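Have a look at the structure below, then the notes.
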Amino acid sequence: MESVRPKKTHKAKEDIISKLPDSLITHILSLLPTKDAVRTSVLSKRWIENWTLITKIDFNDTVFYIRKRKKSRGKQSFINFVYRTLVLTKLYRTVESLSLFLTNNEYDATMVNTWISSILNRRVKKLHICTNFEVPFSPLTCHSLFNHSYNLEELELEMYYCTIKVPSPPSYGFFSFGNLKVLKLYGIIFIMDRSLRINLGTLEKFEIKNCSWLSAYDVTLEAPRLESVVIVQGLEAVTREPRSCTINFSASCMKEFTYKGFGGISQPIVLSNSSAAHFASIKIRLHTGGSDVQETGSRACLLLKQFSQAKRIEFQGSEVLPQTNMTILPRFAMLSHLDLGSVSGEVLLSLLQKSPILNTLVLKEISKFDQELLNSAAVPECLASSLQVVKFGRVYGSEHELFLAKYFMENGAVLERMSFCILSAWLSKSKAIEEFKEKLYGFKKGVSFAILEFYH
């Protein structure tokens, strides 16, 4: 006899739903995209108002542009959705996160500013605004950003040439973002008519990409807990009008600092506390792009000077560290790892002499140099006591590469490993590389260090 499974009736489902606490329903709705949260709320009379209590809100216009729907209808539906959500969601409740993604470039700038101002005036913890078209901030939006953002813990503005005119500071002379931990700014152009001082007492991560500070006045960021700084200046930022604004970091526990610049270093960077980057990891990558190499080298050395207590430095650039600027650099007393791009032998020697406890040296490429200078100079302290690993990149089997390798083998008292990167399998079988290997192994017979490695 066929068994019959009892089916749950619609009434039984409603009974289960009715037993769910409001807090759980709100939490579940907050996990959904906001548009879906609104739709889900209509499934039960008891849920109909719960979506207005959600703590995670996302406005993404791409979900409103369906192929079968006209673009104008999708645009208007999205506008209505944003206004309705901003009006009906509870102002007194803390919003854990709010995101605004705009891809349609037909929105009126005044309307977008109204949205952003309204969002900034709410109790939002994490805010992410992304646009791929130009939206200058209105005076009201600028005022809201600098004066009504005390609840923000994470702020990410990823915008296309967004101009922000910094308002006049309060009577006490600076702006304060008391709870902000993460700050990411992409494509922002700040305009200032006076020096800017911002207190960021809880900030841990600061990241800017293609941002400009169009002012002759300085910017000071007071961030005692700042651990990570990332600054990227691409071609877009370089092509804007010149800037002389200095960015001052008042920090005390920086762990990593990254600077990537196309066309050199566009704006001076100063650490007010010389020990701020104690044991920090530093990464600097420069692409001169036709800019003045001498000026770029001077600014690069001034930037490196800020990190005399760094533990690790990675410097990648096309010979932008001229020998004439080496006198600017301090003694890197704590440096144990040095990763260099393309430098001359003279610059390399200067850096080795300033790095007494260096353990690992990575060389991307070495240009020709005066061998007599290397022979006549005093052997750097690190070769006699600490340098254990040397890695060569872009090896072609040239005479100056061979001479430098021999120099390390003969003077590296504690050297344990030396490796050579050959660009291709074809080059590794060339006569020049075969002779290079043969001579190296001949040198190795007279020294005691352990390993020679070749790879491609």
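Labels for the structure tokens follow display order: chains A, B, ..., residues from 1 in each chain, ligands from 1.
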
Subject >> Residues within 9 Å of segment 198-202 of chain A, only C-alpha atoms, excluding chain neighbours under 4 positions, as a list in words >> reply: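 Listing them by chain and then by number gives Glu153, Phe174, Phe175, Ser176, Phe177, Gly178, Asn179, Leu180, Lys181, Val182, Val219, Thr220, Leu221, Glu222, Ala223, Pro224, Arg225 and Leu226 of chain A.
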
Keeping C-alpha atoms, export the residues of the selection given above as a PDB file, in the first residue's frame.
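Generated file (again_29.pdb):
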```pdb
ATOM      1  CA  GLU A 153      34.637  53.294  10.906  1.00  0.00           C
ATOM      2  CA  PHE A 174      41.064  70.836  12.844  1.00  0.00           C
ATOM      3  CA  PHE A 175      38.657  68.164  11.664  1.00  0.00           C
ATOM      4  CA  SER A 176      38.188  64.948  13.621  1.00  0.00           C
ATOM      5  CA  PHE A 177      37.145  61.483  12.493  1.00  0.00           C
ATOM      6  CA  GLY A 178      37.084  59.875  15.913  1.00  0.00           C
ATOM      7  CA  ASN A 179      36.077  56.299  14.958  1.00  0.00           C
ATOM      8  CA  LEU A 180      37.553  55.908  11.478  1.00  0.00           C
ATOM      9  CA  LYS A 181      39.802  52.837  11.118  1.00  0.00           C
ATOM     10  CA  VAL A 182      40.043  52.426   7.332  1.00  0.00           C
ATOM     11  CA  VAL A 219      48.142  68.488   4.918  1.00  0.00           C
ATOM     12  CA  THR A 220      48.749  66.962   8.352  1.00  0.00           C
ATOM     13  CA  LEU A 221      47.221  63.611   9.265  1.00  0.00           C
ATOM     14  CA  GLU A 222      47.403  62.925  12.997  1.00  0.00           C
ATOM     15  CA  ALA A 223      47.037  59.149  13.205  1.00  0.00           C
ATOM     16  CA  PRO A 224      48.895  57.630  16.182  1.00  0.00           C
ATOM     17  CA  ARG A 225      47.573  54.106  15.463  1.00  0.00           C
ATOM     18  CA  LEU A 226      48.278  54.150  11.729  1.00  0.00           C
TER      19      LEU A 226
END
```

**OP:** Pick out the residues sitting within 12 Å of Met111 of chain A, and hand them over as a ChimeraX atom specification; count only C-alpha atoms, and ignore anything fewer than 6 positions along from it in its own chain.
**Re:** /A:79-80,82-83,117-118,135-138,141

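Between atom CA of Glu381 of chain A and atom CA of Glu399 of chain A the separation is 25.1 Å.
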
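When DSSP reads the backbone of this structure, the residues of segment 168-359 of chain A it assigns to alpha helix (DSSP H) are Leu235, Glu236, Ala237, Val238, Val293, Gln294, Glu295, Thr296, Gly297, Ser298, Arg299, Ala300, Cys301, Leu302, Leu303, Leu304, Lys305, Gly345, Glu346, Val347, Leu348, Leu349, Ser350, Leu351, Leu352 and Gln353 of chain A.
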
How about saving the chosen residues, N, CA and C atoms kept, as a PDB file, in the first residue's frame?
```pdb
ATOM      1  N   LEU A 235      49.050  57.784 -14.050  1.00  0.00           N
ATOM      2  CA  LEU A 235      49.174  58.799 -15.095  1.00  0.00           C
ATOM      3  C   LEU A 235      48.095  59.861 -14.973  1.00  0.00           C
ATOM      4  N   GLU A 236      46.900  59.454 -14.511  1.00  0.00           N
ATOM      5  CA  GLU A 236      45.795  60.417 -14.405  1.00  0.00           C
ATOM      6  C   GLU A 236      46.148  61.566 -13.467  1.00  0.00           C
ATOM      7  N   ALA A 237      46.789  61.219 -12.338  1.00  0.00           N
ATOM      8  CA  ALA A 237      47.143  62.250 -11.361  1.00  0.00           C
ATOM      9  C   ALA A 237      48.300  63.105 -11.830  1.00  0.00           C
ATOM     10  N   VAL A 238      49.240  62.498 -12.571  1.00  0.00           N
ATOM     11  CA  VAL A 238      50.424  63.234 -13.011  1.00  0.00           C
ATOM     12  C   VAL A 238      50.067  64.311 -14.023  1.00  0.00           C
ATOM     13  N   VAL A 293      64.744  62.807 -14.308  1.00  0.00           N
ATOM     14  CA  VAL A 293      65.270  61.704 -13.509  1.00  0.00           C
ATOM     15  C   VAL A 293      66.035  62.220 -12.305  1.00  0.00           C
ATOM     16  N   GLN A 294      66.784  63.313 -12.486  1.00  0.00           N
ATOM     17  CA  GLN A 294      67.559  63.867 -11.375  1.00  0.00           C
ATOM     18  C   GLN A 294      66.645  64.354 -10.261  1.00  0.00           C
ATOM     19  N   GLU A 295      65.581  65.071 -10.634  1.00  0.00           N
ATOM     20  CA  GLU A 295      64.633  65.555  -9.623  1.00  0.00           C
ATOM     21  C   GLU A 295      63.914  64.392  -8.954  1.00  0.00           C
ATOM     22  N   THR A 296      63.534  63.383  -9.762  1.00  0.00           N
ATOM     23  CA  THR A 296      62.879  62.200  -9.201  1.00  0.00           C
ATOM     24  C   THR A 296      63.795  61.492  -8.217  1.00  0.00           C
ATOM     25  N   GLY A 297      65.096  61.394  -8.579  1.00  0.00           N
ATOM     26  CA  GLY A 297      66.059  60.761  -7.686  1.00  0.00           C
ATOM     27  C   GLY A 297      66.197  61.503  -6.375  1.00  0.00           C
ATOM     28  N   SER A 298      66.206  62.833  -6.444  1.00  0.00           N
ATOM     29  CA  SER A 298      66.315  63.636  -5.223  1.00  0.00           C
ATOM     30  C   SER A 298      65.110  63.410  -4.314  1.00  0.00           C
ATOM     31  N   ARG A 299      63.913  63.411  -4.907  1.00  0.00           N
ATOM     32  CA  ARG A 299      62.706  63.201  -4.106  1.00  0.00           C
ATOM     33  C   ARG A 299      62.653  61.776  -3.562  1.00  0.00           C
ATOM     34  N   ALA A 300      63.145  60.809  -4.365  1.00  0.00           N
ATOM     35  CA  ALA A 300      63.159  59.424  -3.906  1.00  0.00           C
ATOM     36  C   ALA A 300      64.069  59.273  -2.701  1.00  0.00           C
ATOM     37  N   CYS A 301      65.223  59.911  -2.741  1.00  0.00           N
ATOM     38  CA  CYS A 301      66.154  59.844  -1.605  1.00  0.00           C
ATOM     39  C   CYS A 301      65.576  60.531  -0.375  1.00  0.00           C
ATOM     40  N   LEU A 302      64.890  61.647  -0.586  1.00  0.00           N
ATOM     41  CA  LEU A 302      64.258  62.340   0.541  1.00  0.00           C
ATOM     42  C   LEU A 302      63.160  61.482   1.164  1.00  0.00           C
ATOM     43  N   LEU A 303      62.455  60.720   0.305  1.00  0.00           N
ATOM     44  CA  LEU A 303      61.429  59.818   0.820  1.00  0.00           C
ATOM     45  C   LEU A 303      62.064  58.671   1.600  1.00  0.00           C
ATOM     46  N   LEU A 304      63.114  58.072   1.042  1.00  0.00           N
ATOM     47  CA  LEU A 304      63.803  56.980   1.734  1.00  0.00           C
ATOM     48  C   LEU A 304      64.400  57.439   3.064  1.00  0.00           C
ATOM     49  N   LYS A 305      64.788  58.706   3.108  1.00  0.00           N
ATOM     50  CA  LYS A 305      65.384  59.254   4.324  1.00  0.00           C
ATOM     51  C   LYS A 305      64.429  59.174   5.507  1.00  0.00           C
ATOM     52  N   GLY A 345      76.519  50.070  -9.910  1.00  0.00           N
ATOM     53  CA  GLY A 345      77.347  49.454  -8.885  1.00  0.00           C
ATOM     54  C   GLY A 345      77.742  50.432  -7.805  1.00  0.00           C
ATOM     55  N   GLU A 346      77.951  51.700  -8.172  1.00  0.00           N
ATOM     56  CA  GLU A 346      78.338  52.717  -7.200  1.00  0.00           C
ATOM     57  C   GLU A 346      77.220  52.976  -6.191  1.00  0.00           C
ATOM     58  N   VAL A 347      75.982  53.051  -6.695  1.00  0.00           N
ATOM     59  CA  VAL A 347      74.836  53.258  -5.798  1.00  0.00           C
ATOM     60  C   VAL A 347      74.661  52.046  -4.894  1.00  0.00           C
ATOM     61  N   LEU A 348      74.808  50.861  -5.455  1.00  0.00           N
ATOM     62  CA  LEU A 348      74.696  49.638  -4.652  1.00  0.00           C
ATOM     63  C   LEU A 348      75.718  49.642  -3.527  1.00  0.00           C
ATOM     64  N   LEU A 349      76.951  50.003  -3.826  1.00  0.00           N
ATOM     65  CA  LEU A 349      77.997  50.037  -2.807  1.00  0.00           C
ATOM     66  C   LEU A 349      77.642  51.019  -1.689  1.00  0.00           C
ATOM     67  N   SER A 350      77.117  52.195  -2.059  1.00  0.00           N
ATOM     68  CA  SER A 350      76.725  53.194  -1.058  1.00  0.00           C
ATOM     69  C   SER A 350      75.637  52.651  -0.132  1.00  0.00           C
ATOM     70  N   LEU A 351      74.661  51.956  -0.722  1.00  0.00           N
ATOM     71  CA  LEU A 351      73.578  51.404   0.085  1.00  0.00           C
ATOM     72  C   LEU A 351      74.074  50.294   1.004  1.00  0.00           C
ATOM     73  N   LEU A 352      74.982  49.482   0.518  1.00  0.00           N
ATOM     74  CA  LEU A 352      75.534  48.422   1.357  1.00  0.00           C
ATOM     75  C   LEU A 352      76.316  49.005   2.532  1.00  0.00           C
ATOM     76  N   GLN A 353      77.032  50.084   2.290  1.00  0.00           N
ATOM     77  CA  GLN A 353      77.806  50.715   3.358  1.00  0.00           C
ATOM     78  C   GLN A 353      76.908  51.358   4.414  1.00  0.00           C
TER      79      GLN A 353
END
```

Would you pick out the contacts of Glu158 of chain A at 10 Å or less, using only C-alpha atoms, so that residues sharing its chain but fewer than 6 positions from it are not included, and give the list as a short mmCIF file (atom, residue, chain, number, x, y, z; two decimals) with C-alpha atoms, in the first residue's frame?
```
data_model
loop_
_atom_site.label_atom_id
_atom_site.label_comp_id
_atom_site.auth_asym_id
_atom_site.auth_seq_id
_atom_site.Cartn_x
_atom_site.Cartn_y
_atom_site.Cartn_z
CA PHE A 101 27.36 52.14 -6.88
CA HIS A 128 31.50 52.78 0.13
CA ILE A 129 30.64 55.14 -2.74
CA CYS A 130 31.68 54.20 -6.27
CA THR A 131 31.01 56.18 -9.46
CA ASN A 132 32.60 56.01 -12.92
CA LYS A 184 40.43 54.61 1.03
CA LEU A 185 40.24 57.44 -1.50
CA TYR A 186 40.42 56.93 -5.28
CA GLY A 187 40.32 59.72 -7.85
CA ILE A 188 39.60 62.54 -5.38
CA ILE A 208 44.87 56.83 -1.74
CA LYS A 209 45.06 56.29 -5.49
#
```

**OP:** May I ask which of the residues A:Ala276, A:Leu363, A:Ala333, A:Cys211 is the closest one to Tyr160 of chain A, counting only C-alpha atoms?
**Re:**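 Closest to Tyr160 of chain A of all the choices is A:Cys211.
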
**OP:** Have a look at A:Asn210, A:Asn60, A:Ala310, A:Met254 and name the one nearest to Gln267 of chain A; count only C-alpha atoms.
**Re:**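 For Gln267 of chain A, the nearest of the candidates is A:Asn210.
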
**OP:** Give the answer as one residue: which of A:Leu127, A:Ala251, A:Ala216, A:Met159 has the shortest atom-to-atom distance to Glu204 of chain A, using only C-alpha atoms?
**Re:** A:Ala251
